[in-house]
Amino acid sequence: MPTRTRRLIATVDTRELNTVRWGPMREMFPRFVEELELGRYLKRLLASRQCSAVEIAPHAGSSHVFDAFGMDEPGTANQ
């Protein structure tokens with residue numbers, strides 16, 4: 001059975017994502033805000049149809065930087 005192809009789409013720093021004006025919420029609950037921002041980023045990425053699925057993995061040595069990998073079905077890789 002063929003496996004999906006995995007390609008690096010982006011390296012994302014969740015501290016840099018600002019889809020909402022969080023004000024003091026970002027200072028009081030940074031992990032909560034970063035998790036929501038990452039979820040919104042992934043939702044937009046999937047909506048762009050660059051890939052059929054997305055996998056995220058922590059970037060080496062960081063708790064707020066992630067690598068986003070696009071997962072494509074065999075023979076359907078977007079170039």
# chains A, B, ... in the order shown; residues from 1 in each chain; ligands from 1
call {"tool": "select_by_dssp", "arguments": {"residues": "chain A", "states": "alpha helix (DSSP H)", "output": "PyMOL selection string"}}
result
chain A and resi 24-28+30-47
call {"tool": "write_last_selection", "arguments": {"atoms": "C-alpha atoms", "output": "compact mmCIF listing (two decimals), in the first residue's frame"}}
result
# COMPACT_ATOMS: atom_id res chain seq x y z
CA PRO A 24 -3.64 41.31 27.99
CA MET A 25 -4.91 37.76 27.30
CA ARG A 26 -1.66 36.95 25.47
CA GLU A 27 0.39 38.06 28.47
CA MET A 28 -1.79 36.25 31.03
CA PRO A 30 0.34 32.75 26.40
CA ARG A 31 0.09 28.99 25.79
CA PHE A 32 -3.70 29.15 25.44
CA VAL A 33 -3.47 32.00 22.92
CA GLU A 34 -0.65 30.29 20.98
CA GLU A 35 -2.65 27.05 20.78
CA LEU A 36 -5.70 28.89 19.41
CA GLU A 37 -3.57 30.84 16.94
CA LEU A 38 -1.89 27.64 15.72
CA GLY A 39 -5.30 26.03 15.24
CA ARG A 40 -6.51 29.01 13.21
CA TYR A 41 -3.32 28.88 11.11
CA LEU A 42 -3.80 25.18 10.37
CA LYS A 43 -7.45 25.72 9.49
CA ARG A 44 -6.48 28.40 6.94
CA LEU A 45 -3.73 26.15 5.59
CA LEU A 46 -6.17 23.28 5.02
CA ALA A 47 -8.72 25.63 3.47
call {"tool": "closest_residue", "arguments": {"among": "A:Ser48, A:Met71, A:Phe66, A:Phe29", "to": "Ala10 (chain A)", "atoms": "only C-alpha atoms"}}
result
A:Phe66
call {"tool": "atom_distance", "arguments": {"atom1": "CA of Ser63 (chain A)", "atom2": "CA of Thr3 (chain A)"}}
result
29.1 Å
call {"tool": "closest_residue", "arguments": {"among": "A:Val20, A:Arg4, A:Asp67, A:Thr11", "to": "Ser52 (chain A)", "atoms": "only C-alpha atoms"}}
result
A:Arg4
call {"tool": "atom_distance", "arguments": {"atom1": "CA of Asp72 (chain A)", "atom2": "CA of Ile9 (chain A)"}}
result
11.7 Å
call {"tool": "atom_distance", "arguments": {"atom1": "CA of Ile56 (chain A)", "atom2": "CA of Asp13 (chain A)"}}
result
12.1 Å
call {"tool": "select_by_dssp", "arguments": {"residues": "chain A", "states": "strand (DSSP E or B)", "output": "NGL selection string"}}
result
:A and (5-13 or 53-58 or 65-72)
